[in-house]
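Raw contents of data.txt, compact mmCIF, C-alpha atoms and all ligand atoms:
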```
# COMPACT_ATOMS: atom_id res chain seq x y z
CA MET A 1 116.02 150.51 65.73
CA ARG A 2 116.90 154.20 65.91
CA GLU A 3 120.56 155.12 65.68
CA SER A 4 122.32 158.44 65.18
CA ALA A 5 125.19 160.10 63.34
CA ASP A 6 126.63 163.62 63.35
CA VAL A 7 126.79 163.55 59.55
CA VAL A 8 125.13 161.13 57.16
CA VAL A 9 126.67 161.14 53.69
CA ALA A 10 124.35 159.90 50.93
CA GLY A 11 126.47 158.38 48.16
CA ALA A 12 129.76 156.49 48.48
CA GLY A 13 131.15 157.57 45.11
CA VAL A 14 134.39 159.49 44.95
CA ILE A 15 132.71 162.68 46.19
CA GLY A 16 131.01 161.13 49.24
CA ALA A 17 134.18 159.21 50.07
CA SER A 18 136.28 162.37 49.93
CA VAL A 19 133.79 164.28 52.09
CA ALA A 20 133.82 161.44 54.65
CA TRP A 21 137.61 161.30 54.84
CA HIS A 22 137.97 165.05 55.17
CA LEU A 23 135.29 165.13 57.89
CA VAL A 24 137.03 162.51 60.03
CA SER A 25 140.35 164.27 59.40
CA LEU A 26 138.84 167.43 60.87
CA GLY A 27 137.78 165.49 63.95
CA VAL A 28 134.12 164.70 63.23
CA ARG A 29 133.69 161.48 65.16
CA ASP A 30 130.43 160.09 63.97
CA VAL A 31 130.20 159.88 60.16
CA LEU A 32 127.92 157.41 58.41
CA VAL A 33 128.23 156.91 54.63
CA VAL A 34 125.41 155.05 52.89
CA ASP A 35 125.09 153.86 49.32
CA ARG A 36 122.34 151.80 47.80
CA ALA A 37 124.76 150.03 45.43
CA ALA A 38 126.20 146.68 46.41
CA ALA A 39 129.81 147.85 46.29
CA ALA A 40 132.06 150.86 45.72
CA GLY A 41 132.34 152.23 42.19
CA GLU A 42 128.95 151.22 40.79
CA GLY A 43 127.91 154.83 40.14
CA SER A 44 129.64 157.25 37.77
CA THR A 45 133.03 157.01 39.48
CA GLY A 46 133.59 153.46 38.21
CA ARG A 47 132.85 154.62 34.66
CA ALA A 48 135.15 157.63 34.51
CA THR A 49 138.05 157.51 32.08
CA GLY A 50 140.54 159.05 34.53
CA GLY A 51 141.38 162.41 33.04
CA PHE A 52 142.76 165.23 35.19
CA ARG A 53 143.10 168.81 34.02
CA ALA A 54 143.40 172.35 35.26
CA GLN A 55 142.81 173.83 31.78
CA PHE A 56 139.32 175.21 32.30
CA GLY A 57 137.70 178.48 31.24
CA THR A 58 136.64 179.73 34.69
CA ALA A 59 138.77 180.74 37.65
CA ILE A 60 136.84 178.59 40.13
CA ASN A 61 137.36 175.40 38.12
CA VAL A 62 141.06 176.14 37.65
CA ARG A 63 141.42 176.73 41.40
CA LEU A 64 139.54 173.53 42.25
CA SER A 65 141.94 171.63 39.97
CA LEU A 66 145.02 173.27 41.51
CA LEU A 67 143.83 172.40 45.02
CA SER A 68 143.04 168.83 43.89
CA ARG A 69 146.45 168.53 42.24
CA GLU A 70 148.18 169.56 45.46
CA LYS A 71 146.18 166.92 47.31
CA LEU A 72 146.84 164.25 44.67
CA ARG A 73 150.58 164.84 45.03
CA ARG A 74 150.30 164.28 48.81
CA PHE A 75 147.67 161.52 48.49
CA ARG A 76 149.92 158.54 49.10
CA ASP A 77 151.33 160.06 52.32
CA GLU A 78 148.04 161.38 53.64
CA VAL A 79 145.53 158.78 52.51
CA GLY A 80 147.79 155.77 52.06
CA THR A 81 147.00 154.84 48.42
CA ASP A 82 148.53 155.71 45.06
CA PRO A 83 145.93 157.86 43.22
CA GLY A 84 147.68 157.17 39.92
CA TYR A 85 148.28 160.84 39.09
CA ARG A 86 150.46 160.94 35.95
CA PRO A 87 151.17 164.35 34.39
CA CYS A 88 151.12 163.30 30.71
CA GLY A 89 149.45 166.56 29.65
CA TYR A 90 146.24 167.63 27.91
CA LEU A 91 146.68 168.76 24.31
CA TRP A 92 143.90 170.77 22.61
CA VAL A 93 143.91 170.82 18.81
CA ALA A 94 142.14 173.72 17.04
CA ARG A 95 141.04 173.66 13.40
CA ALA A 96 139.14 176.96 13.27
CA ALA A 97 139.98 180.51 14.34
CA ALA A 98 137.06 180.62 16.78
CA GLU A 99 138.31 177.45 18.52
CA LEU A 100 141.79 178.90 18.87
CA ALA A 101 140.36 182.16 20.22
CA GLY A 102 138.36 180.16 22.79
CA LEU A 103 141.49 178.32 23.92
CA ARG A 104 143.39 181.61 24.18
CA ALA A 105 140.60 183.25 26.22
CA ALA A 106 140.48 180.25 28.56
CA GLN A 107 144.25 180.36 28.93
CA ARG A 108 144.15 183.98 30.08
CA VAL A 109 141.77 182.87 32.85
CA GLN A 110 144.08 179.94 33.69
CA HIS A 111 147.17 182.17 33.99
CA GLU A 112 145.31 184.64 36.19
CA ALA A 113 144.15 181.80 38.44
CA GLY A 114 147.72 180.54 38.87
CA LEU A 115 148.14 177.86 36.19
CA ALA A 116 151.35 179.37 34.80
CA GLU A 117 152.54 176.37 32.78
CA ALA A 118 149.61 176.17 30.32
CA ARG A 119 150.77 177.46 26.94
CA MET A 120 149.59 177.97 23.36
CA VAL A 121 151.24 175.64 20.83
CA ASP A 122 151.72 175.81 17.05
CA PRO A 123 151.28 172.87 14.63
CA PRO A 124 154.98 171.81 14.74
CA GLU A 125 154.82 171.63 18.53
CA ILE A 126 151.54 169.68 18.35
CA ALA A 127 153.38 167.21 16.11
CA ARG A 128 156.16 166.89 18.70
CA LEU A 129 153.74 166.45 21.61
CA ASN A 130 151.56 163.91 19.79
CA PRO A 131 153.05 162.68 16.49
CA ALA A 132 149.96 160.54 15.85
CA VAL A 133 147.69 163.55 15.17
CA ARG A 134 146.89 164.32 11.52
CA LEU A 135 147.87 167.97 11.06
CA ASP A 136 145.79 168.78 7.94
CA GLY A 137 143.66 171.79 8.79
CA VAL A 138 145.17 172.20 12.28
CA ILE A 139 146.02 175.84 13.03
CA GLY A 140 147.27 175.63 16.64
CA GLY A 141 146.29 174.55 20.09
CA ALA A 142 146.97 174.64 23.81
CA PHE A 143 148.89 172.35 26.14
CA CYS A 144 149.43 171.96 29.85
CA PRO A 145 152.10 169.46 30.97
CA THR A 146 150.78 169.04 34.52
CA ASP A 147 147.36 167.89 33.32
CA GLY A 148 147.10 164.15 32.77
CA PHE A 149 145.59 161.08 34.34
CA LEU A 150 144.47 159.55 37.61
CA ARG A 151 142.86 156.29 38.77
CA PRO A 152 139.27 157.01 39.85
CA LEU A 153 138.69 153.76 41.72
CA GLU A 154 141.99 154.00 43.60
CA ILE A 155 141.02 157.46 44.80
CA LEU A 156 137.55 156.28 45.80
CA ARG A 157 138.80 153.19 47.64
CA GLY A 158 141.67 155.12 49.18
CA TYR A 159 139.35 157.69 50.73
CA LEU A 160 136.81 155.09 51.89
CA ASP A 161 139.41 152.84 53.52
CA ALA A 162 141.15 155.76 55.19
CA ALA A 163 137.83 157.14 56.48
CA ARG A 164 136.94 153.71 57.89
CA ARG A 165 140.31 153.45 59.61
CA ARG A 166 139.49 156.70 61.39
CA GLY A 167 136.09 155.50 62.52
CA ALA A 168 133.62 156.35 59.74
CA ARG A 169 130.90 153.75 59.15
CA VAL A 170 130.37 152.86 55.49
CA ARG A 171 127.38 150.79 54.41
CA PHE A 172 126.59 149.48 50.95
CA GLY A 173 123.21 148.07 49.96
CA GLU A 174 121.66 150.82 52.07
CA GLU A 175 119.33 153.21 50.29
CA MET A 176 118.44 156.58 51.72
CA ARG A 177 114.69 156.39 51.26
CA GLU A 178 113.30 159.37 53.09
CA LEU A 179 114.57 162.53 54.67
CA VAL A 180 112.33 163.45 57.58
CA ARG A 181 112.08 167.18 58.22
CA ASP A 182 111.10 168.60 61.59
CA ARG A 183 108.93 171.63 62.28
CA THR A 184 111.84 174.03 61.80
CA GLY A 185 112.50 172.64 58.29
CA ARG A 186 115.70 170.84 59.29
CA ILE A 187 116.20 167.18 58.49
CA GLY A 188 115.90 165.47 61.84
CA SER A 189 116.46 161.93 60.65
CA VAL A 190 116.85 159.84 57.53
CA ARG A 191 115.08 156.60 56.78
CA LEU A 192 117.36 153.97 55.35
CA ALA A 193 116.46 150.55 54.05
CA SER A 194 117.29 148.97 57.44
CA SER A 195 116.88 151.70 60.05
CA GLU A 196 116.10 155.30 60.89
CA VAL A 197 119.08 157.49 61.76
CA ALA A 198 118.86 160.76 63.67
CA CYS A 199 121.38 163.17 62.20
CA GLY A 200 122.90 166.62 62.51
CA THR A 201 123.76 167.12 58.83
CA VAL A 202 122.96 165.27 55.61
CA VAL A 203 125.40 165.48 52.70
CA ASN A 204 123.84 165.02 49.29
CA ALA A 205 126.67 163.36 47.33
CA ALA A 206 124.35 161.28 45.19
CA GLY A 207 125.97 162.22 41.87
CA ALA A 208 123.61 161.98 38.90
CA TRP A 209 120.82 161.06 41.35
CA ALA A 210 121.29 164.17 43.53
CA GLY A 211 118.16 165.82 42.10
CA GLU A 212 116.04 162.81 43.01
CA LEU A 213 117.44 162.64 46.52
CA GLY A 214 116.77 166.34 47.03
CA ARG A 215 113.20 166.01 45.82
CA GLY A 216 112.65 163.38 48.54
CA ALA A 217 113.08 166.17 51.08
CA GLY A 218 111.22 168.80 49.05
CA VAL A 219 114.50 170.43 48.02
CA GLU A 220 115.08 171.40 44.39
CA VAL A 221 118.62 170.35 43.40
CA PRO A 222 119.22 171.36 39.75
CA VAL A 223 121.30 168.34 38.73
CA ARG A 224 120.32 166.10 35.84
CA PRO A 225 121.91 162.97 34.37
CA LEU A 226 123.52 163.02 30.93
CA ARG A 227 124.77 159.87 29.24
CA ARG A 228 128.43 159.83 28.22
CA GLN A 229 129.73 156.95 26.08
CA VAL A 230 133.22 155.51 25.77
CA ALA A 231 134.37 153.40 22.83
CA CYS A 232 137.26 151.14 23.82
CA THR A 233 139.46 149.72 21.07
CA GLU A 234 140.98 146.28 20.83
CA PRO A 235 144.56 146.12 22.21
CA CYS A 236 146.68 148.63 20.30
CA SER A 237 150.41 149.22 20.66
CA ASP A 238 150.66 151.98 18.03
CA LEU A 239 150.01 154.81 20.51
CA PRO A 240 152.12 155.19 23.67
CA GLU A 241 150.57 154.84 27.13
CA ASP A 242 151.93 158.29 28.07
CA MET A 243 150.36 160.04 25.07
CA PRO A 244 148.69 163.25 26.30
CA MET A 245 144.92 163.33 26.41
CA THR A 246 144.23 164.89 22.99
CA LEU A 247 141.08 166.90 22.40
CA TRP A 248 139.43 168.73 19.48
CA PRO A 249 137.38 171.58 21.00
CA GLY A 250 135.29 172.00 17.82
CA ASP A 251 133.20 168.89 18.48
CA GLY A 252 134.61 167.61 21.76
CA PHE A 253 136.14 164.43 20.30
CA HIS A 254 139.02 163.24 22.50
CA LEU A 255 141.09 160.19 23.13
CA ARG A 256 143.60 158.67 25.52
CA VAL A 257 145.44 155.39 25.94
CA ARG A 258 144.64 153.29 29.01
CA ASP A 259 146.02 149.86 29.77
CA GLY A 260 147.05 149.16 26.18
CA ARG A 261 143.76 150.19 24.57
CA VAL A 262 142.55 153.51 23.23
CA LEU A 263 139.46 155.18 24.71
CA LEU A 264 137.46 157.34 22.27
CA LEU A 265 134.91 159.89 23.46
CA GLN A 266 132.66 162.47 21.83
CA PRO A 267 129.76 164.21 23.61
CA THR A 268 126.19 163.68 22.43
CA ALA A 269 122.87 165.13 23.53
CA GLY A 270 122.21 162.01 25.64
CA ALA A 271 119.59 159.27 25.55
CA ALA A 272 115.79 159.62 25.52
CA ASP A 273 115.64 158.11 29.02
CA PRO A 274 118.09 160.36 30.89
CA PHE A 275 119.21 157.57 33.24
CA ALA A 276 119.77 155.02 30.44
CA THR A 277 123.33 153.82 29.97
CA GLU A 278 123.03 151.62 26.88
CA LEU A 279 125.53 152.19 24.08
CA ASP A 280 124.30 153.69 20.83
CA GLU A 281 125.57 151.45 17.98
CA GLU A 282 125.50 154.27 15.46
CA TRP A 283 127.61 156.43 17.76
CA LEU A 284 130.18 153.64 18.14
CA HIS A 285 130.49 153.47 14.38
CA GLU A 286 130.76 157.25 13.97
CA VAL A 287 133.31 157.83 16.73
CA ARG A 288 135.55 155.17 15.22
CA SER A 289 135.55 156.93 11.85
CA VAL A 290 136.29 160.30 13.48
CA ALA A 291 139.21 158.65 15.29
CA ALA A 292 140.56 157.11 12.07
CA GLU A 293 140.37 160.46 10.29
CA ARG A 294 142.18 162.45 13.02
CA VAL A 295 144.63 159.77 14.17
CA PRO A 296 145.56 157.72 11.08
CA ALA A 297 147.27 155.04 13.21
CA LEU A 298 143.78 154.03 14.37
CA ALA A 299 142.42 153.39 10.87
CA GLY A 300 142.83 149.63 11.16
CA VAL A 301 142.02 149.33 14.87
CA ALA A 302 138.57 147.95 15.72
CA VAL A 303 136.36 148.96 18.63
CA ASP A 304 135.87 146.22 21.20
CA ARG A 305 132.11 146.41 21.71
CA ALA A 306 132.17 144.28 24.88
CA ARG A 307 134.69 146.57 26.58
CA SER A 308 133.00 149.83 25.61
CA TRP A 309 130.61 151.41 28.09
CA ALA A 310 128.43 154.38 29.01
CA GLY A 311 127.80 156.19 32.28
CA LEU A 312 126.17 159.32 33.60
CA TYR A 313 127.47 162.85 33.97
CA GLU A 314 125.81 164.88 36.74
CA MET A 315 125.00 168.14 34.94
CA SER A 316 124.25 171.42 36.66
CA PRO A 317 122.79 174.36 34.70
CA ASP A 318 126.17 176.13 34.33
CA GLY A 319 128.37 173.03 34.22
CA HIS A 320 129.95 173.72 37.63
CA ALA A 321 129.64 171.94 40.97
CA LEU A 322 127.13 172.87 43.64
CA LEU A 323 128.76 173.28 47.03
CA GLY A 324 126.90 174.65 50.01
CA ARG A 325 123.76 174.47 52.09
CA ALA A 326 120.61 173.62 50.15
CA PRO A 327 118.28 176.58 49.70
CA GLY A 328 115.40 176.11 52.15
CA CYS A 329 117.01 173.22 54.03
CA GLU A 330 119.85 174.45 56.14
CA ASN A 331 121.28 171.09 57.26
CA MET A 332 121.42 169.47 53.82
CA VAL A 333 124.82 170.18 52.29
CA LEU A 334 125.05 169.79 48.51
CA VAL A 335 128.29 168.47 46.99
CA ASN A 336 127.25 167.48 43.49
CA GLY A 337 126.72 168.76 39.95
CA SER A 338 130.39 168.59 38.93
CA SER A 339 129.17 168.03 35.36
CA GLY A 340 131.68 165.37 34.36
CA HIS A 341 134.67 166.61 36.38
CA GLY A 342 133.83 165.05 39.70
CA VAL A 343 136.77 162.69 40.03
CA MET A 344 139.42 165.30 39.38
CA HIS A 345 137.69 167.78 41.69
CA ALA A 346 136.76 165.31 44.45
CA PRO A 347 139.87 165.93 46.57
CA ALA A 348 139.15 169.68 46.59
CA LEU A 349 135.36 169.46 46.94
CA GLY A 350 135.55 166.96 49.81
CA ALA A 351 137.95 169.20 51.72
CA LEU A 352 135.82 172.31 51.11
CA ALA A 353 132.58 170.56 52.11
CA ALA A 354 134.13 169.30 55.34
CA GLU A 355 135.42 172.80 56.14
CA LEU A 356 131.97 174.22 55.51
CA ILE A 357 130.35 171.69 57.85
CA VAL A 358 132.96 171.95 60.62
CA HIS A 359 133.98 175.64 60.48
CA GLY A 360 130.90 177.17 58.89
CA SER A 361 132.86 178.40 55.85
CA THR A 362 135.50 177.10 53.45
CA ARG A 363 139.17 177.72 54.31
CA SER A 364 141.25 176.16 51.51
CA LEU A 365 139.82 178.51 48.93
CA ASP A 366 136.93 180.90 48.40
CA ALA A 367 134.17 178.70 46.99
CA GLN A 368 131.39 181.31 47.08
CA ALA A 369 130.99 181.03 43.31
CA LEU A 370 129.69 177.45 43.78
CA ARG A 371 126.91 178.37 46.21
CA PRO A 372 123.68 176.57 45.30
CA THR A 373 121.65 179.79 45.43
CA ARG A 374 123.57 181.29 42.49
CA PHE A 375 120.94 180.30 39.93
CA GLU A 376 118.02 182.01 41.65
CA GLU A 377 120.29 185.03 42.24
CA GLY A 378 121.08 185.25 38.51
CA SER A 379 124.78 184.58 39.23
CA ALA A 380 125.39 181.40 37.25
CA ILE A 381 129.08 180.94 36.46
CA GLN A 382 130.18 182.08 33.01
CA GLY A 383 133.38 181.76 31.01
CA PRO A 384 134.82 180.19 27.87
CA ALA A 385 133.61 176.57 27.93
CA LEU A 386 136.22 173.89 27.30
CA LEU A 387 134.11 170.73 27.10
C1 LIG B 1 132.07 158.04 30.70
C2 LIG B 1 132.49 158.96 31.79
C3 LIG B 1 133.78 159.48 31.80
C4 LIG B 1 134.17 160.34 32.82
N1 LIG B 1 135.45 160.79 32.83
C5 LIG B 1 135.86 161.59 33.83
C6 LIG B 1 137.21 162.02 33.90
O1 LIG B 1 138.02 161.68 33.06
N2 LIG B 1 137.58 162.82 34.94
C7 LIG B 1 136.69 163.24 35.90
O2 LIG B 1 137.07 163.96 36.80
N3 LIG B 1 135.40 162.83 35.84
C8 LIG B 1 134.97 162.04 34.85
N4 LIG B 1 133.67 161.64 34.78
C9 LIG B 1 132.73 162.19 35.76
C10 LIG B 1 132.83 161.49 37.08
O3 LIG B 1 132.65 160.11 36.89
C11 LIG B 1 131.80 162.03 38.04
O4 LIG B 1 131.85 163.44 38.05
C12 LIG B 1 132.08 161.54 39.46
O5 LIG B 1 132.25 160.14 39.46
C13 LIG B 1 130.97 161.93 40.39
O6 LIG B 1 131.21 161.31 41.62
P1 LIG B 1 130.03 161.10 42.64
O7 LIG B 1 130.61 160.48 43.86
O8 LIG B 1 129.28 162.37 42.79
O9 LIG B 1 129.03 160.14 41.88
P2 LIG B 1 128.88 158.53 41.87
O10 LIG B 1 130.17 157.86 41.71
O11 LIG B 1 127.81 158.25 40.87
O12 LIG B 1 128.35 158.24 43.31
C14 LIG B 1 127.03 158.56 43.72
C15 LIG B 1 126.52 157.42 44.53
O13 LIG B 1 125.27 157.77 45.13
C16 LIG B 1 124.52 156.60 45.28
N5 LIG B 1 123.12 156.95 45.51
C17 LIG B 1 122.30 157.66 44.70
N6 LIG B 1 121.10 157.83 45.29
C18 LIG B 1 121.17 157.21 46.50
C19 LIG B 1 120.23 157.02 47.56
N7 LIG B 1 118.97 157.50 47.53
N8 LIG B 1 120.64 156.32 48.65
C20 LIG B 1 121.89 155.80 48.73
N9 LIG B 1 122.81 155.95 47.74
C21 LIG B 1 122.45 156.66 46.65
C22 LIG B 1 124.77 155.84 43.99
O14 LIG B 1 124.55 154.47 44.15
C23 LIG B 1 126.24 156.17 43.70
O15 LIG B 1 127.13 155.15 44.11
C24 LIG B 1 133.25 160.74 33.82
C25 LIG B 1 131.96 160.22 33.81
C26 LIG B 1 131.58 159.33 32.81
C27 LIG B 1 130.19 158.77 32.84
```

Starting from the file, give its structure as structure tokens.
Amino acid sequence: MRESADVVVAGAGVIGASVAWHLVSLGVRDVLVVDRAAAAGEGSTGRATGGFRAQFGTAINVRLSLLSREKLRRFRDEVGTDPGYRPCGYLWVARAAAELAGLRAAQRVQHEAGLAEARMVDPPEIARLNPAVRLDGVIGGAFCPTDGFLRPLEILRGYLDAARRRGARVRFGEEMRELVRDRTGRIGSVRLASSEVACGTVVNAAGAWAGELGRGAGVEVPVRPLRRQVACTEPCSDLPEDMPMTLWPGDGFHLRVRDGRVLLLQPTAGAADPFATELDEEWLHEVRSVAAERVPALAGVAVDRARSWAGLYEMSPDGHALLGRAPGCENMVLVNGSSGHGVMHAPALGALAAELIVHGSTRSLDAQALRPTRFEEGSAIQGPALL
């Protein structure tokens, strides 16, 4: 049976859900969200650790965070759910001059982009902000008190439920299998597992699978998966629940407390199969010893193998989101490639994507820097990288 929709959103993760809610809020009547998973949260969103920060090294990422933060503060009133935003802070701990210089350079960008409260901190202040950190070799750091935590699944479910209440159709177990282009190059319809749907616009919000979905329509979307692992400790009451996210920029090791356990992370180059999400036993062992060395209170705390997990980041070539019409396919809108920051930026990206679709350009902020054509134009985004 042939049906139709003004906008079909591929992917009901936090990004697709935010796009759908913002579309219906702007008056788009006929929005269909499809996801091949059986239920919400089976993609990367359900695997995120729930960090929120505005401390980035590029103006566009700082601005996305500030817009998201504004929307998180209003979330309960506007969307009807508690997004779990808790400003416990992000504390960066430098042990080398180059790391400290990187934090300082990023902070200049942050201040210029409007994040006034981020500040450099010395070792005594680091000790006050997080007394659990071993200070040997620490020369300084950076801290922002309005960074902190959120609840990824609450945000996802909040947006989906609110979009449904305003008339959006949301279907799980529904794969987008083919995007059928007409003679003008536009996508005229999409073939789903159960039907063919004529559509005005297709939103590619397929997260780590965005590249694959694009290829199905002959569109090159430069997003690739990258495994990210999380070691979860056994219950541990030695560190407080409101401890700031604490990060060592030298090697990216970071940790936070969530629901009475400590989550330990450290980036790796990924798995041989880029979509694999198995845990690497050697990594689990190593990250635990790094944790014990930097946070002595964790020396006797074991990792709970059964509660540890891995998921996929959706990497773009410059580590920033893609937002805009796909090159060569005018009615496919890309909202993907957030490179591991998709939950915190979903409120902003969903709003901007909806504005682009409805008004033809973004209104909440200038998102030109995120245009998907930037790579072929030689305008990839650059700036001090903070993880
Ligand atoms: C371990 C880990 C920790 C993280 N921590 C954080 C954090 O602290 N803060 C933060 O902001 N971000 C974090 N992230 C990143 C964050 O999870 C992602 O950026 C975000 O979830 C991306 O949202 P999404 O909606 O694009 O992707 P997803 O949630 O993966 O949703 C994409 C959906 O598309 C569906 N799909 C794909 N192809 C098709 C198709 N052909 N047809 C139908 N459906 C399709 C999938 O089933 C999936 O549900 C973390 C990620 C990981 C793995």

- prompt: atom C4 of ligand LIG 1 (chain B) and CA of Glu355 in chain A are how many Å apart?
  reply: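 Interatomic distance, atom C4 of ligand LIG 1 (chain B) to CA of Glu355 in chain A: 26.5 Å.
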
field: Environment of ligand LIG 1 (chain B) within 7 Å, counting all atoms listed in the file, reported as an NGL selection string
entry: :A and (10-16 or 34-37 or 40-52 or 174-177 or 205-210 or 213 or 227-230 or 310-314 or 336 or 338-345)

- prompt: Distance CA of Ala299 in chain A-CA of Gly252 in chain A, one decimal place?
  reply: 19.5 Å

task: For range 283-291 of chain A, list every protein, DNA or RNA residue within 9 Å, evaluated using all atoms listed in the file, and leave out those in the same chain fewer than 4 positions away; present the list as JSON, numbers by chain.
output: {"A": [229, 230, 231, 233, 253, 254, 255, 264, 265, 266, 268, 279, 295, 296, 298, 299, 301, 302, 303, 305, 308]}

Same residues, C-alpha atoms, output as a tab-separated table (two decimals), in the coordinates of the input:
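Ended up saving to again_15.tsv:
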```
chain	number	residue	atom	x	y	z
A	229	GLN	CA	129.73	156.95	26.08
A	230	VAL	CA	133.22	155.51	25.77
A	231	ALA	CA	134.37	153.40	22.83
A	233	THR	CA	139.46	149.72	21.07
A	253	PHE	CA	136.14	164.43	20.30
A	254	HIS	CA	139.02	163.24	22.50
A	255	LEU	CA	141.09	160.19	23.13
A	264	LEU	CA	137.46	157.34	22.27
A	265	LEU	CA	134.91	159.89	23.46
A	266	GLN	CA	132.66	162.47	21.83
A	268	THR	CA	126.19	163.68	22.43
A	279	LEU	CA	125.53	152.19	24.08
A	295	VAL	CA	144.63	159.77	14.17
A	296	PRO	CA	145.56	157.72	11.08
A	298	LEU	CA	143.78	154.03	14.37
A	299	ALA	CA	142.42	153.39	10.87
A	301	VAL	CA	142.02	149.33	14.87
A	302	ALA	CA	138.57	147.95	15.72
A	303	VAL	CA	136.36	148.96	18.63
A	305	ARG	CA	132.11	146.41	21.71
A	308	SER	CA	133.00	149.83	25.61
```

task: Would you mind telling me which residue in A:Ile139, A:Asp273, A:Leu66, A:Glu154 lies nearest to Leu100 in chain A when using all atoms listed in the file?
output: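 Looking only at the distances to Leu100 in chain A, the closest residue turns out to be A:Ile139.
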
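Here the residues that fall within 9 Å of (148.4, 176.1, 27.0), using only C-alpha atoms, are given as Gln55, Tyr90, Leu91, Trp92, Leu103, Arg104, Gln107, Gln110, Ala116, Glu117, Ala118, Arg119, Met120, Val121, Gly141, Ala142, Phe143, Cys144 and Pro145 of chain A.
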
For the residues selected in the previous step, produce a file with C-alpha atoms as a PDB file, in the coordinates of the input.
```pdb
ATOM      1  CA  GLN A  55     142.810 173.830  31.780  1.00  0.00           C
ATOM      2  CA  TYR A  90     146.240 167.630  27.910  1.00  0.00           C
ATOM      3  CA  LEU A  91     146.680 168.760  24.310  1.00  0.00           C
ATOM      4  CA  TRP A  92     143.900 170.770  22.610  1.00  0.00           C
ATOM      5  CA  LEU A 103     141.490 178.320  23.920  1.00  0.00           C
ATOM      6  CA  ARG A 104     143.390 181.610  24.180  1.00  0.00           C
ATOM      7  CA  GLN A 107     144.250 180.360  28.930  1.00  0.00           C
ATOM      8  CA  GLN A 110     144.080 179.940  33.690  1.00  0.00           C
ATOM      9  CA  ALA A 116     151.350 179.370  34.800  1.00  0.00           C
ATOM     10  CA  GLU A 117     152.540 176.370  32.780  1.00  0.00           C
ATOM     11  CA  ALA A 118     149.610 176.170  30.320  1.00  0.00           C
ATOM     12  CA  ARG A 119     150.770 177.460  26.940  1.00  0.00           C
ATOM     13  CA  MET A 120     149.590 177.970  23.360  1.00  0.00           C
ATOM     14  CA  VAL A 121     151.240 175.640  20.830  1.00  0.00           C
ATOM     15  CA  GLY A 141     146.290 174.550  20.090  1.00  0.00           C
ATOM     16  CA  ALA A 142     146.970 174.640  23.810  1.00  0.00           C
ATOM     17  CA  PHE A 143     148.890 172.350  26.140  1.00  0.00           C
ATOM     18  CA  CYS A 144     149.430 171.960  29.850  1.00  0.00           C
ATOM     19  CA  PRO A 145     152.100 169.460  30.970  1.00  0.00           C
TER      20      PRO A 145
END
```

If you take all atoms listed in the file and a cut-off of 10 Å, which residues of range 325-370 of chain A touch range 67-73 of chain A, and what are their nearest atom pairs and distances in Å to one decimal, in chain and number order, as JSON lines?
```
{"residue": "A:Val343", "atom": "CA", "partner": "A:Ser68", "partner_atom": "CA", "distance": 9.6}
{"residue": "A:Met344", "atom": "CA", "partner": "A:Ser68", "partner_atom": "CA", "distance": 6.8}
{"residue": "A:His345", "atom": "CA", "partner": "A:Ser68", "partner_atom": "CA", "distance": 5.9}
{"residue": "A:Ala346", "atom": "CA", "partner": "A:Ser68", "partner_atom": "CA", "distance": 7.2}
{"residue": "A:Pro347", "atom": "CA", "partner": "A:Ser68", "partner_atom": "CA", "distance": 5.1}
{"residue": "A:Ala348", "atom": "CA", "partner": "A:Ser68", "partner_atom": "CA", "distance": 4.8}
{"residue": "A:Leu349", "atom": "CA", "partner": "A:Ser68", "partner_atom": "CA", "distance": 8.3}
{"residue": "A:Gly350", "atom": "CA", "partner": "A:Ser68", "partner_atom": "CA", "distance": 9.7}
{"residue": "A:Ala351", "atom": "CA", "partner": "A:Ser68", "partner_atom": "CA", "distance": 9.3}
{"residue": "A:Ser364", "atom": "CA", "partner": "A:Leu67", "partner_atom": "CA", "distance": 7.9}
{"residue": "A:Leu365", "atom": "CA", "partner": "A:Leu67", "partner_atom": "CA", "distance": 8.3}
```

message: I'd like to know which of A:Ala353, A:Glu220, A:Val93, A:Arg363 is closest to Ser316 in chain A, using only C-alpha atoms.
response: A:Glu220

query: Contacts of Pro222 in chain A at 8 Å or less, counting all atoms listed in the file, minus same-chain residues fewer than 6 places along, as an NGL selection string?
result: :A and (211 or 316-317 or 337)

Atom-to-atom span, CA of Ala106 in chain A and CA of Val335 in chain A, Å: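 These atoms are spaced 25.0 Å apart.
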
- prompt: Counting all atoms listed in the file, what is within 10 Å of range 6-9 of chain A, bar same-chain residues fewer than 5 positions away, as a ChimeraX atom specification?
  reply: /A:15-17,19-20,23,28-35,168-170,176,189-190,197-206,331-333,357

- prompt: Given the choices A:Met243, A:Ser4, A:Gly27, A:Val257, which gets closest to Val358 in chain A if the distance is worked out from only C-alpha atoms?
  reply: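 Of all the options, A:Gly27 lies closest to Val358 in chain A.
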
message: Which residues are near Ala272 in chain A? Cut-off 12 Å, all atoms listed in the file, ignore same chain within fewer than 6 positions. Put them as a list in words.
response: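 What passes the distance filter is Pro225, Leu226, Arg227, Glu278 and Asp280 of chain A.
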
message: Given all atoms listed in the file as the basis, pick out the residue of A:Leu352, A:Glu330, A:Pro244, A:Leu370 nearest to Ala132 in chain A.
response: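 Checking each of A:Leu352, A:Glu330, A:Pro244, A:Leu370 against Ala132 in chain A, counting all atoms listed in the file, the winner is A:Pro244.
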
Sel. within 7 Å of pt (136.8, 172.9, 15.3), counting only C-alpha atoms, output as a compact mmCIF listing (two decimals) with C-alpha atoms, in the frame of the given file:
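And here is the file that came out, selection08.txt:
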```txt
# COMPACT_ATOMS: atom_id res chain seq x y z
CA ALA A 94 142.14 173.72 17.04
CA ARG A 95 141.04 173.66 13.40
CA ALA A 96 139.14 176.96 13.27
CA GLU A 99 138.31 177.45 18.52
CA TRP A 248 139.43 168.73 19.48
CA PRO A 249 137.38 171.58 21.00
CA GLY A 250 135.29 172.00 17.82
CA ASP A 251 133.20 168.89 18.48
```
